[in-house]
>>> print(open('my_file_27.txt').read())   # compact mmCIF, C-alpha atoms
# COMPACT_ATOMS: atom_id res chain seq x y z
CA MET A 76 54.12 155.94 255.18
CA LEU A 77 51.58 156.71 257.88
CA LEU A 78 51.03 160.28 256.70
CA SER A 79 50.47 159.31 253.07
CA THR A 80 48.10 156.47 253.94
CA ALA A 81 46.11 158.39 256.53
CA ALA A 82 45.93 161.46 254.29
CA GLY A 83 44.68 159.37 251.37
CA ALA A 84 42.03 157.80 253.54
CA ALA A 85 40.89 161.16 254.86
CA ILE A 86 40.65 162.66 251.38
CA MET A 87 38.66 159.69 250.17
CA LEU A 88 36.23 159.86 253.07
CA GLN A 89 35.68 163.55 252.38
CA SER A 90 35.17 163.15 248.64
CA ILE A 91 32.76 160.20 248.55
CA VAL A 92 29.01 160.55 248.53
CA VAL A 93 27.54 160.28 251.98
CA PHE A 94 25.06 157.44 251.73
CA ALA A 95 22.76 158.47 254.51
CA ASP A 96 19.30 157.02 254.88
CA PRO A 97 17.06 158.98 252.48
CA VAL A 98 14.43 161.06 254.25
CA GLN A 99 12.47 162.41 251.30
CA GLY A 100 12.20 162.00 247.57
CA ILE A 101 10.73 159.43 245.24
CA SER A 102 8.89 156.44 246.65
CA LEU A 103 8.48 152.99 245.13
CA ASP A 104 4.86 153.80 244.24
CA ASP A 105 6.02 157.02 242.56
CA SER A 106 8.58 155.07 240.56
CA VAL A 107 6.00 152.50 239.46
CA ALA A 108 3.58 155.26 238.43
CA LEU A 109 6.26 156.97 236.34
CA ALA A 110 7.20 153.71 234.64
CA LEU A 111 3.58 152.87 233.88
CA LYS A 112 3.29 156.24 232.20
CA ASN A 113 6.59 156.30 230.31
CA ASN A 114 7.76 152.73 229.73
CA PRO A 115 7.83 151.77 226.00
CA ALA A 116 6.74 148.18 226.72
CA ILE A 117 3.38 149.39 228.01
CA LYS A 118 2.98 151.83 225.13
CA MET A 119 3.57 148.99 222.67
CA ALA A 120 1.02 146.82 224.50
CA VAL A 121 -1.52 149.65 224.26
CA ASP A 122 -0.77 149.96 220.53
CA ASP A 123 -1.53 146.25 220.13
CA GLN A 124 -4.73 146.76 222.11
CA GLN A 125 -5.87 149.56 219.80
CA LYS A 126 -4.97 147.53 216.72
CA ALA A 127 -7.05 144.61 217.99
CA GLY A 128 -10.03 146.93 218.37
CA TRP A 129 -9.77 147.95 214.73
CA VAL A 130 -9.52 144.30 213.68
CA VAL A 131 -12.87 143.70 215.43
CA ASP A 132 -14.40 146.57 213.44
CA GLU A 133 -12.96 145.09 210.24
CA ALA A 134 -14.45 141.67 210.98
CA LYS A 135 -17.87 143.13 211.85
CA ALA A 136 -17.88 145.03 208.56
CA GLY A 137 -18.38 141.65 206.85
CA ARG A 138 -21.97 141.66 208.15
CA ALA A 139 -22.84 144.98 206.49
CA PRO A 140 -23.67 145.72 202.84
CA THR A 141 -21.10 147.28 200.55
CA LEU A 142 -21.73 150.00 197.97
CA ALA A 143 -19.61 150.79 194.90
CA ILE A 144 -19.90 153.52 192.28
CA GLY A 145 -18.37 153.12 188.84
CA ALA A 146 -18.15 155.25 185.68
CA GLY A 147 -16.49 154.89 182.28
CA SER A 148 -16.41 156.16 178.71
CA ASN A 149 -15.72 154.67 175.28
CA ARG A 150 -14.67 156.46 172.10
CA ALA A 151 -15.53 154.82 168.76
CA ASP A 152 -14.70 156.29 165.35
CA GLY A 153 -13.77 155.08 161.87
CA PRO A 154 -15.22 153.60 158.69
CA GLY A 155 -16.44 150.44 160.42
CA GLN A 156 -18.45 152.20 163.13
CA ALA A 157 -22.21 152.41 162.70
CA ALA A 158 -22.50 155.35 165.12
CA PRO A 159 -19.16 157.12 165.65
CA GLY A 160 -18.75 159.13 168.86
CA THR A 161 -18.29 158.83 172.62
CA SER A 162 -20.51 156.72 174.89
CA TYR A 163 -20.73 156.82 178.66
CA ASN A 164 -21.79 154.37 181.33
CA SER A 165 -22.11 154.64 185.11
CA SER A 166 -23.44 152.38 187.83
CA VAL A 167 -24.15 151.95 191.51
CA LYS A 168 -23.75 148.42 192.90
CA MET A 169 -24.71 147.05 196.29
CA ASN A 170 -23.74 143.64 197.70
CA TRP A 171 -24.82 142.13 200.98
CA THR A 172 -23.88 138.72 202.35
CA LEU A 173 -27.02 137.47 204.05
CA TYR A 174 -25.62 134.14 205.21
CA SER A 175 -22.00 132.98 205.13
CA GLY A 176 -22.41 129.58 206.69
CA GLY A 177 -21.06 130.94 209.97
CA ARG A 178 -17.74 132.16 208.53
CA ILE A 179 -18.27 135.89 209.20
CA GLU A 180 -19.64 135.24 212.68
CA GLY A 181 -16.63 133.05 213.46
CA LEU A 182 -14.19 135.73 212.27
CA VAL A 183 -15.94 138.33 214.44
CA ASP A 184 -15.76 136.04 217.47
CA GLN A 185 -12.05 135.40 216.84
CA ALA A 186 -11.35 139.12 216.52
CA GLU A 187 -13.19 139.86 219.78
CA LEU A 188 -11.27 137.12 221.59
CA ASN A 189 -8.01 138.52 220.22
CA ALA A 190 -9.05 141.94 221.53
CA ILE A 191 -9.48 140.41 225.00
CA ILE A 192 -6.03 138.84 224.68
CA SER A 193 -4.62 142.26 223.83
CA ASP A 194 -6.33 143.77 226.88
CA LEU A 195 -4.71 141.07 229.00
CA GLY A 196 -1.42 141.84 227.28
CA VAL A 197 -1.58 145.36 228.70
CA ASP A 198 -2.14 143.90 232.19
CA LYS A 199 0.79 141.53 231.65
CA ALA A 200 3.06 144.37 230.52
CA ARG A 201 2.06 146.50 233.52
CA GLN A 202 2.85 143.65 235.92
CA GLN A 203 6.25 143.06 234.32
CA VAL A 204 7.10 146.77 234.43
CA LYS A 205 6.11 146.92 238.09
CA LEU A 206 8.43 144.00 238.84
CA ASP A 207 11.27 145.60 236.87
CA VAL A 208 10.83 148.91 238.69
CA THR A 209 10.59 147.21 242.08
CA ALA A 210 13.76 145.19 241.51
CA ALA A 211 15.59 148.28 240.26
CA TYR A 212 14.34 150.39 243.17
CA TYR A 213 15.41 147.78 245.69
CA GLY A 214 18.69 147.49 243.81
CA VAL A 215 19.39 151.16 244.53
CA LEU A 216 18.56 150.68 248.20
CA GLN A 217 20.80 147.62 248.42
CA ALA A 218 23.65 149.42 246.67
CA ASN A 219 23.25 152.29 249.11
CA ASP A 220 23.38 149.86 252.05
CA MET A 221 26.50 148.20 250.65
CA ALA A 222 28.19 151.57 250.20
CA THR A 223 27.36 152.38 253.81
CA VAL A 224 28.80 149.05 255.01
CA ASN A 225 32.04 149.61 253.12
CA LYS A 226 32.24 153.23 254.24
CA GLU A 227 31.99 152.10 257.85
CA ALA A 228 34.73 149.53 257.23
CA VAL A 229 37.03 152.22 255.80
CA GLU A 230 36.37 154.49 258.77
CA SER A 231 37.01 151.67 261.27
CA LEU A 232 40.23 150.56 259.59
CA THR A 233 41.43 154.14 259.27
CA GLN A 234 40.99 154.68 263.01
CA HIS A 235 42.67 151.35 263.74
CA LEU A 236 45.62 152.25 261.51
CA LYS A 237 46.25 155.37 263.57
CA THR A 238 46.52 153.25 266.71
CA VAL A 239 48.78 150.73 265.00
CA GLN A 240 51.02 153.53 263.70
CA ALA A 241 51.31 155.00 267.19
CA GLN A 242 52.28 151.63 268.62
CA PHE A 243 54.82 151.08 265.87
CA ASP A 244 56.35 154.51 266.50
CA SER A 245 56.64 153.52 270.14
CA GLY A 246 58.39 150.28 269.20
CA VAL A 247 55.65 148.13 270.67
CA ILE A 248 54.76 146.18 267.50
CA ALA A 249 56.57 144.90 264.45
CA LYS A 250 56.41 146.61 261.08
CA ALA A 251 54.52 143.61 259.69
CA ASP A 252 51.47 144.62 261.74
CA LEU A 253 51.64 148.16 260.33
CA LEU A 254 51.95 146.91 256.76
CA ARG A 255 49.03 144.50 257.20
CA SER A 256 46.83 147.28 258.52
CA GLU A 257 47.74 149.51 255.58
CA VAL A 258 46.96 146.73 253.11
CA GLU A 259 43.57 146.04 254.67
CA LEU A 260 42.68 149.73 254.57
CA ALA A 261 43.66 149.92 250.90
CA ASN A 262 41.51 146.88 250.15
CA ALA A 263 38.57 148.42 251.99
CA GLN A 264 38.99 151.64 250.02
CA GLN A 265 38.84 149.69 246.77
CA ASN A 266 35.68 147.92 247.92
CA LEU A 267 34.16 151.29 248.77
CA THR A 268 34.97 152.62 245.30
CA LYS A 269 33.32 149.58 243.73
CA ALA A 270 30.27 149.96 245.96
CA GLN A 271 29.95 153.63 245.06
CA ASN A 272 30.14 152.78 241.35
CA THR A 273 27.51 150.06 241.77
CA PHE A 274 25.27 152.60 243.49
CA GLU A 275 25.58 155.04 240.58
CA ILE A 276 24.84 152.30 238.04
CA ALA A 277 21.82 151.17 240.04
CA LYS A 278 20.42 154.70 240.01
CA SER A 279 20.91 154.94 236.24
CA ASN A 280 19.16 151.62 235.79
CA LEU A 281 16.17 152.84 237.79
CA ASN A 282 16.07 156.08 235.81
CA ASN A 283 16.08 154.12 232.57
CA ILE A 284 13.11 152.00 233.60
CA ILE A 285 10.96 154.89 234.87
CA GLY A 286 11.79 157.05 231.84
CA ALA A 287 13.90 159.69 233.60
CA PRO A 288 17.24 161.08 232.32
CA LEU A 289 19.94 158.58 233.24
CA ASP A 290 21.95 161.14 235.23
CA THR A 291 18.99 162.14 237.42
CA GLN A 292 20.02 161.97 241.09
CA GLN A 293 17.00 160.29 242.61
CA ILE A 294 16.62 160.49 246.38
CA LEU A 295 14.69 157.45 247.53
CA ASN A 296 12.47 157.87 250.56
CA SER A 297 12.24 154.15 251.36
CA GLN A 298 14.44 151.55 252.99
CA LEU A 299 14.75 147.81 252.62
CA THR A 300 12.70 146.31 255.43
CA HIS A 301 11.11 143.00 256.28
CA THR A 302 7.34 142.86 255.93
CA ASP A 303 5.45 139.66 256.71
CA PHE A 304 3.93 137.63 253.88
CA ASN A 305 1.23 135.46 255.41
CA THR A 306 -0.36 133.80 252.36
CA SER A 307 0.29 130.07 252.10
CA LEU A 308 1.92 128.45 249.09
CA ASP A 309 -1.27 126.60 248.12
CA ASP A 310 -3.25 129.83 248.22
CA CYS A 311 -0.60 131.56 246.09
CA ILE A 312 -0.80 128.81 243.48
CA ALA A 313 -4.60 128.88 243.44
CA TYR A 314 -4.58 132.65 243.05
CA ALA A 315 -2.10 132.44 240.18
CA LEU A 316 -4.14 129.85 238.29
CA ASN A 317 -7.18 132.11 238.54
CA ASN A 318 -5.56 135.47 237.87
CA ARG A 319 -2.45 135.17 235.70
CA PRO A 320 -3.07 137.05 232.42
CA GLU A 321 -1.18 134.34 230.54
CA ILE A 322 -3.71 131.69 231.61
CA GLN A 323 -6.64 133.88 230.62
CA GLN A 324 -4.90 134.55 227.31
CA SER A 325 -4.39 130.82 226.88
CA GLN A 326 -8.06 130.10 227.50
CA ASN A 327 -9.02 132.65 224.88
CA GLY A 328 -6.44 131.12 222.55
CA ILE A 329 -8.22 127.76 222.89
CA ALA A 330 -11.54 129.45 222.11
CA ILE A 331 -9.99 131.10 219.03
CA ALA A 332 -8.72 127.74 217.80
CA GLU A 333 -12.15 126.18 218.30
CA LYS A 334 -13.73 129.07 216.38
CA GLY A 335 -11.26 128.24 213.61
CA VAL A 336 -12.87 124.79 213.38
CA ASP A 337 -16.31 126.43 212.99
CA ILE A 338 -14.97 128.76 210.31
CA ALA A 339 -13.46 125.85 208.41
CA GLU A 340 -16.73 123.90 208.63
CA SER A 341 -18.55 126.84 207.03
CA GLY A 342 -17.09 125.56 203.75
CA ASN A 343 -19.63 122.72 203.93
CA ARG A 344 -22.55 125.12 204.24
CA PRO A 345 -24.32 127.28 201.64
CA THR A 346 -23.88 131.04 201.33
CA VAL A 347 -26.58 133.55 200.42
CA ALA A 348 -25.93 137.04 199.08
CA PHE A 349 -28.15 139.87 197.88
CA GLY A 350 -27.08 142.18 195.06
CA ALA A 351 -28.55 145.24 193.37
CA THR A 352 -27.30 147.33 190.45
CA ASP A 353 -28.55 150.59 188.96
CA GLY A 354 -26.81 151.72 185.75
CA TRP A 355 -26.94 154.44 183.12
CA SER A 356 -25.58 154.53 179.55
CA GLY A 357 -25.67 156.91 176.56
CA ASN A 358 -23.70 159.44 174.62
CA GLU A 359 -24.10 162.11 177.31
CA PHE A 360 -22.56 161.69 180.77
CA PRO A 361 -23.66 160.00 182.98
CA GLY A 362 -26.05 158.40 180.44
CA GLN A 363 -29.69 158.68 179.46
CA THR A 364 -30.77 155.04 179.45
CA ASN A 365 -31.42 153.57 182.88
CA ASN A 366 -31.14 149.86 183.66
CA TRP A 367 -31.46 148.28 187.09
CA SER A 368 -31.49 144.80 188.54
CA MET A 369 -31.71 142.96 191.85
CA ASN A 370 -30.77 139.40 192.62
CA VAL A 371 -30.40 136.88 195.42
CA MET A 372 -27.65 134.35 194.85
CA ALA A 373 -27.15 131.12 196.80
CA ASN A 374 -24.01 129.00 196.49
CA TRP A 375 -23.30 125.59 197.96
CA ASN A 376 -20.01 123.88 197.27
CA VAL A 377 -21.12 120.25 197.42
CA PHE A 378 -17.72 118.81 196.46
CA ASP A 379 -14.28 120.43 196.85
CA ALA A 380 -12.06 117.36 196.65
CA GLY A 381 -11.61 117.26 200.45
CA VAL A 382 -10.22 120.80 200.89
CA THR A 383 -12.78 121.80 203.53
CA ASN A 384 -12.32 118.57 205.43
CA ALA A 385 -8.55 119.11 205.46
CA LYS A 386 -9.01 122.64 206.80
CA VAL A 387 -11.34 121.36 209.53
CA ASN A 388 -8.81 118.75 210.65
CA GLN A 389 -6.00 121.31 210.60
CA ASN A 390 -7.93 123.58 212.95
CA LYS A 391 -8.88 120.67 215.19
CA ALA A 392 -5.18 119.89 215.52
CA LEU A 393 -4.50 123.55 216.36
CA ALA A 394 -7.22 123.44 219.02
CA ALA A 395 -5.70 120.29 220.54
CA LYS A 396 -2.28 121.93 220.53
CA ALA A 397 -3.70 125.03 222.25
CA LYS A 398 -5.10 122.83 225.01
CA ASP A 399 -1.76 121.05 225.44
CA GLN A 400 0.01 124.41 225.61
CA ASP A 401 -2.47 125.57 228.24
CA SER A 402 -1.70 122.51 230.35
CA GLN A 403 2.02 123.12 229.99
CA LEU A 404 1.59 126.79 230.85
CA ARG A 405 -0.29 125.97 234.05
CA GLY A 406 2.49 123.63 235.13
CA ASN A 407 5.14 126.26 234.41
CA ILE A 408 3.21 128.91 236.32
CA GLU A 409 2.82 126.64 239.35
CA LEU A 410 6.56 125.92 239.23
CA GLU A 411 7.33 129.64 238.98
CA VAL A 412 5.14 130.42 241.99
CA ARG A 413 6.75 127.62 244.01
CA GLN A 414 10.27 128.79 243.17
CA ASN A 415 9.58 132.41 244.05
CA TYR A 416 7.77 131.45 247.25
CA MET A 417 10.54 129.12 248.41
CA ASN A 418 13.26 131.62 247.49
CA MET A 419 11.43 134.27 249.49
CA ARG A 420 11.14 131.98 252.53
CA GLU A 421 14.79 130.97 252.24
CA ALA A 422 15.84 134.63 252.18
CA GLU A 423 13.59 135.26 255.18
CA GLU A 424 15.43 132.58 257.16
CA ARG A 425 18.76 134.08 256.13
CA LEU A 426 17.56 137.44 257.41
CA GLN A 427 17.32 136.08 260.93
CA THR A 428 20.68 134.30 260.94
CA THR A 429 22.55 137.16 259.25
CA GLN A 430 21.17 139.68 261.72
CA VAL A 431 22.38 137.52 264.61
CA ALA A 432 25.76 137.13 262.90
CA ALA A 433 26.05 140.89 262.37
CA ASN A 434 25.26 141.58 266.04
CA LYS A 435 27.82 139.04 267.22
CA ALA A 436 30.42 140.29 264.74
CA THR A 437 29.94 143.85 266.03
CA GLU A 438 30.52 142.68 269.59
CA ASP A 439 33.50 140.56 268.53
CA LEU A 440 35.15 143.56 266.86
CA LYS A 441 34.75 145.66 269.99
CA ILE A 442 36.33 142.90 272.10
CA ALA A 443 39.19 142.42 269.61
CA LYS A 444 39.97 146.15 269.59
CA THR A 445 39.78 146.39 273.37
CA LYS A 446 42.15 143.46 273.82
CA TYR A 447 44.54 144.81 271.19
CA TYR A 448 44.65 148.27 272.70
CA ALA A 449 45.25 146.68 276.09
CA GLY A 450 48.18 144.78 274.67
CA VAL A 451 46.71 141.30 275.12
CA GLY A 452 45.36 140.83 271.58
CA THR A 453 46.85 140.77 268.11
CA ASN A 454 46.44 143.02 265.10
CA LEU A 455 45.30 140.01 263.10
CA ASP A 456 42.42 139.49 265.53
CA VAL A 457 41.18 143.02 264.89
CA ILE A 458 41.49 142.71 261.13
CA ASP A 459 39.74 139.34 261.08
CA ALA A 460 36.95 140.69 263.25
CA GLN A 461 36.53 143.69 260.95
CA LEU A 462 36.37 141.47 257.87
CA ALA A 463 33.86 139.20 259.61
CA LEU A 464 31.66 142.19 260.49
CA THR A 465 31.76 143.55 256.95
CA GLN A 466 30.85 140.13 255.56
CA ALA A 467 28.03 139.67 258.07
CA LYS A 468 26.51 143.06 257.21
CA THR A 469 26.92 142.29 253.50
CA ASN A 470 25.12 138.98 253.94
CA HIS A 471 22.31 140.68 255.81
CA ALA A 472 21.88 143.37 253.15
CA GLN A 473 21.83 140.68 250.46
CA ALA A 474 19.25 138.61 252.34
CA LEU A 475 17.06 141.69 252.79
CA TYR A 476 17.27 142.47 249.09
CA ASP A 477 16.58 138.85 248.11
CA TYR A 478 13.54 138.67 250.38
CA ASN A 479 11.93 141.82 248.98
CA VAL A 480 12.73 141.07 245.34
CA ASN A 481 11.48 137.49 245.60
CA MET A 482 8.29 138.77 247.21
CA ALA A 483 7.84 141.09 244.23
CA LYS A 484 8.53 138.19 241.86
CA LEU A 485 6.00 136.08 243.73
CA GLU A 486 3.31 138.74 243.39
CA LYS A 487 4.05 139.01 239.69
CA SER A 488 3.94 135.24 239.22
CA MET A 489 0.58 135.21 241.05
CA GLY A 490 -0.83 137.79 238.64
CA VAL A 491 -1.54 140.44 241.26
CA LYS A 492 -3.06 143.35 239.37
CA VAL A 493 -1.23 146.66 239.21
>>> encode(input="my_file_27.txt", output="structure tokens")
Amino acid sequence: MLLSTAAGAAIMLQSIVVFADPVQGISLDDSVALALKNNPAIKMAVDDQQKAGWVVDEAKAGRAPTLAIGAGSNRADGPGQAAPGTSYNSSVKMNWTLYSGGRIEGLVDQAELNAIISDLGVDKARQQVKLDVTAAYYGVLQANDMATVNKEAVESLTQHLKTVQAQFDSGVIAKADLLRSEVELANAQQNLTKAQNTFEIAKSNLNNIIGAPLDTQQILNSQLTHTDFNTSLDDCIAYALNNRPEIQQSQNGIAIAEKGVDIAESGNRPTVAFGATDGWSGNEFPGQTNNWSMNVMANWNVFDAGVTNAKVNQNKALAAKAKDQDSQLRGNIELEVRQNYMNMREAEERLQTTQVAANKATEDLKIAKTKYYAGVGTNLDVIDAQLALTQAKTNHAQALYDYNVNMAKLEKSMGVKV
């Protein structure tokens, strides 16, 4: 039993990936840069940005004159025709809206505000991608730490099993102690296998976000560490309310809705347009007879059965809704900042307690092993101490991950530019 168990443990230790602290490779900044270049979400945001620019050009085109060329022919023949044959006509027409009651100007303003919203959408996408990359990058580091913790547990239990086996062979302990040690080692091996699998999945997830092949074996040159965050909660909230792209988008959304009111009110104002036509007609193309005309046309819809008034009120309601949504958005953003800030501080407190627990658990395991090897302790004491140490190190790794990820979430919720 001893030989099969010890041999299995040795083979496993030799075959697993050695999760040593990375010394070179891809950094977090490198990962963010790759994601900003390759991530589809940013490319789609840039596409929206470019589309918005063309919409502005389309709206501005309403201020410029238009020119149209037309040509046609007519064939007449038969007993009833005074002059049988083919006739031709061609024309050049120009139209220019001189005054639209403010409608064209309002549409241009709306298009320009939408373009600004699209620009902010790119910033928003970049911030979200940075957060996704950061969380994935830290996820790889945490998975590596967890694999290391479980690897150390397997090594410790393997060494302990050898001692227990020797004592059993000498008739010092009961078989129950040997069996318990073998069970604990098997459990630790399973946990190591799970940790190794989690590590591989975490690397694939990072590769997916930064646009690398999923099976790329990234070597990360960073570690999860604690860095101080000295900004107060009130300052974080104030920064968010001034810098979040969503709030700036919301403010532009209110302006767009208010421009909609102006556009609707243009229905109560006159419009003025200039037109000019130059035409030719005759039995030879493009025609021998020339006719031209120019005109200025003014229109004023003095009664439309309340249609314009209804449109104005609709857009006023939309503007009021946009303001209410802005107020709701600000409240949600403040709540988001508070949650991320408090979660970060809570994880920071856990960092201190879990580090103390890990140090004490390490010392406790040493004492338990010393007492057991001296014959004054029990096998259960050693196993319990080992489990306590593994749990303490797991808790510390989790707290370190939570602190860093919540800091990244806080920066994103504050609208820190990428």
>>> atom_distance(input="my_file_27.txt", atom1="CA of Ala373 (chain A)", atom2="CA of Arg178 (chain A)")
15.1 Å
>>> closest_residue(input="my_file_27.txt", among="A:Ala348, A:Met419, A:Ala136, A:Val247", to="Thr453 (chain A)", atoms="only C-alpha atoms")
A:Val247
>>> closest_residue(input="my_file_27.txt", among="A:Gly147, A:Gly196, A:Glu230, A:Pro115", to="Ser166 (chain A)", atoms="all atoms listed in the file")
A:Gly147
>>> residues_around(input="my_file_27.txt", residues="region 255-258 of chain A", least_positions_apart="3", cutoff="10 Å", atoms="all atoms listed in the file", output="VMD selection string")
chain A and resid 76 to 77 80 to 81 232 to 233 235 to 237 239 to 240 250 to 252 261 to 264 454 to 455 457 to 458
>>> axis_aligned_box(input="my_file_27.txt", around="region 448-454 of chain A", padding_each_side="3 Å", output="AutoDock Vina command-line options")
--center_x 46.4 --center_y 144.5 --center_z 270.6 --size_x 9.5 --size_y 13.5 --size_z 17.0
>>> atom_distance(input="my_file_27.txt", atom1="CA of Leu299 (chain A)", atom2="CA of Gln217 (chain A)")
7.4 Å
>>> closest_residue(input="my_file_27.txt", among="A:Asn114, A:Asn164, A:Gln324, A:Asn282", to="Ala200 (chain A)", atoms="only C-alpha atoms")
A:Asn114
>>> decode(input="my_file_27.txt", residues="region 174-186 of chain A", atoms="N, CA, C and O atoms", output="mmCIF file, in the first residue's frame")
data_model
loop_
_atom_site.group_PDB
_atom_site.id
_atom_site.type_symbol
_atom_site.label_atom_id
_atom_site.label_comp_id
_atom_site.auth_asym_id
_atom_site.auth_seq_id
_atom_site.Cartn_x
_atom_site.Cartn_y
_atom_site.Cartn_z
ATOM 1 N N TYR A 174 -33.742 78.866 -45.398
ATOM 2 C CA TYR A 174 -34.142 78.931 -43.990
ATOM 3 C C TYR A 174 -35.138 77.813 -43.729
ATOM 4 O O TYR A 174 -36.132 77.669 -44.440
ATOM 5 N N SER A 175 -34.848 76.992 -42.719
ATOM 6 C CA SER A 175 -35.708 75.835 -42.420
ATOM 7 C C SER A 175 -36.455 75.993 -41.108
ATOM 8 O O SER A 175 -36.999 75.013 -40.596
ATOM 9 N N GLY A 176 -36.430 77.173 -40.556
ATOM 10 C CA GLY A 176 -37.075 77.372 -39.266
ATOM 11 C C GLY A 176 -36.278 76.809 -38.101
ATOM 12 O O GLY A 176 -36.800 76.661 -37.002
ATOM 13 N N GLY A 177 -35.023 76.465 -38.346
ATOM 14 C CA GLY A 177 -34.167 75.899 -37.310
ATOM 15 C C GLY A 177 -34.091 74.381 -37.335
ATOM 16 O O GLY A 177 -33.354 73.780 -36.539
ATOM 17 N N ARG A 178 -34.817 73.741 -38.259
ATOM 18 C CA ARG A 178 -34.841 72.273 -38.307
ATOM 19 C C ARG A 178 -33.479 71.707 -38.689
ATOM 20 O O ARG A 178 -32.961 70.799 -38.024
ATOM 21 N N ILE A 179 -32.879 72.217 -39.772
ATOM 22 C CA ILE A 179 -31.592 71.687 -40.229
ATOM 23 C C ILE A 179 -30.512 71.928 -39.177
ATOM 24 O O ILE A 179 -29.708 71.038 -38.866
ATOM 25 N N GLU A 180 -30.508 73.116 -38.602
ATOM 26 C CA GLU A 180 -29.511 73.430 -37.579
ATOM 27 C C GLU A 180 -29.658 72.490 -36.376
ATOM 28 O O GLU A 180 -28.658 72.035 -35.801
ATOM 29 N N GLY A 181 -30.910 72.203 -36.002
ATOM 30 C CA GLY A 181 -31.138 71.285 -34.887
ATOM 31 C C GLY A 181 -30.660 69.877 -35.193
ATOM 32 O O GLY A 181 -30.081 69.208 -34.328
ATOM 33 N N LEU A 182 -30.880 69.417 -36.424
ATOM 34 C CA LEU A 182 -30.428 68.076 -36.811
ATOM 35 C C LEU A 182 -28.907 67.994 -36.811
ATOM 36 O O LEU A 182 -28.330 66.976 -36.420
ATOM 37 N N VAL A 183 -28.241 69.064 -37.244
ATOM 38 C CA VAL A 183 -26.777 69.090 -37.229
ATOM 39 C C VAL A 183 -26.266 69.036 -35.789
ATOM 40 O O VAL A 183 -25.344 68.270 -35.464
ATOM 41 N N ASP A 184 -26.893 69.831 -34.921
ATOM 42 C CA ASP A 184 -26.482 69.828 -33.513
ATOM 43 C C ASP A 184 -26.681 68.448 -32.893
ATOM 44 O O ASP A 184 -25.819 67.960 -32.130
ATOM 45 N N GLN A 185 -27.794 67.796 -33.185
ATOM 46 C CA GLN A 185 -28.043 66.456 -32.655
ATOM 47 C C GLN A 185 -26.986 65.469 -33.156
ATOM 48 O O GLN A 185 -26.486 64.634 -32.385
ATOM 49 N N ALA A 186 -26.668 65.555 -34.441
ATOM 50 C CA ALA A 186 -25.676 64.641 -35.008
ATOM 51 C C ALA A 186 -24.306 64.847 -34.366
ATOM 52 O O ALA A 186 -23.588 63.881 -34.072
#
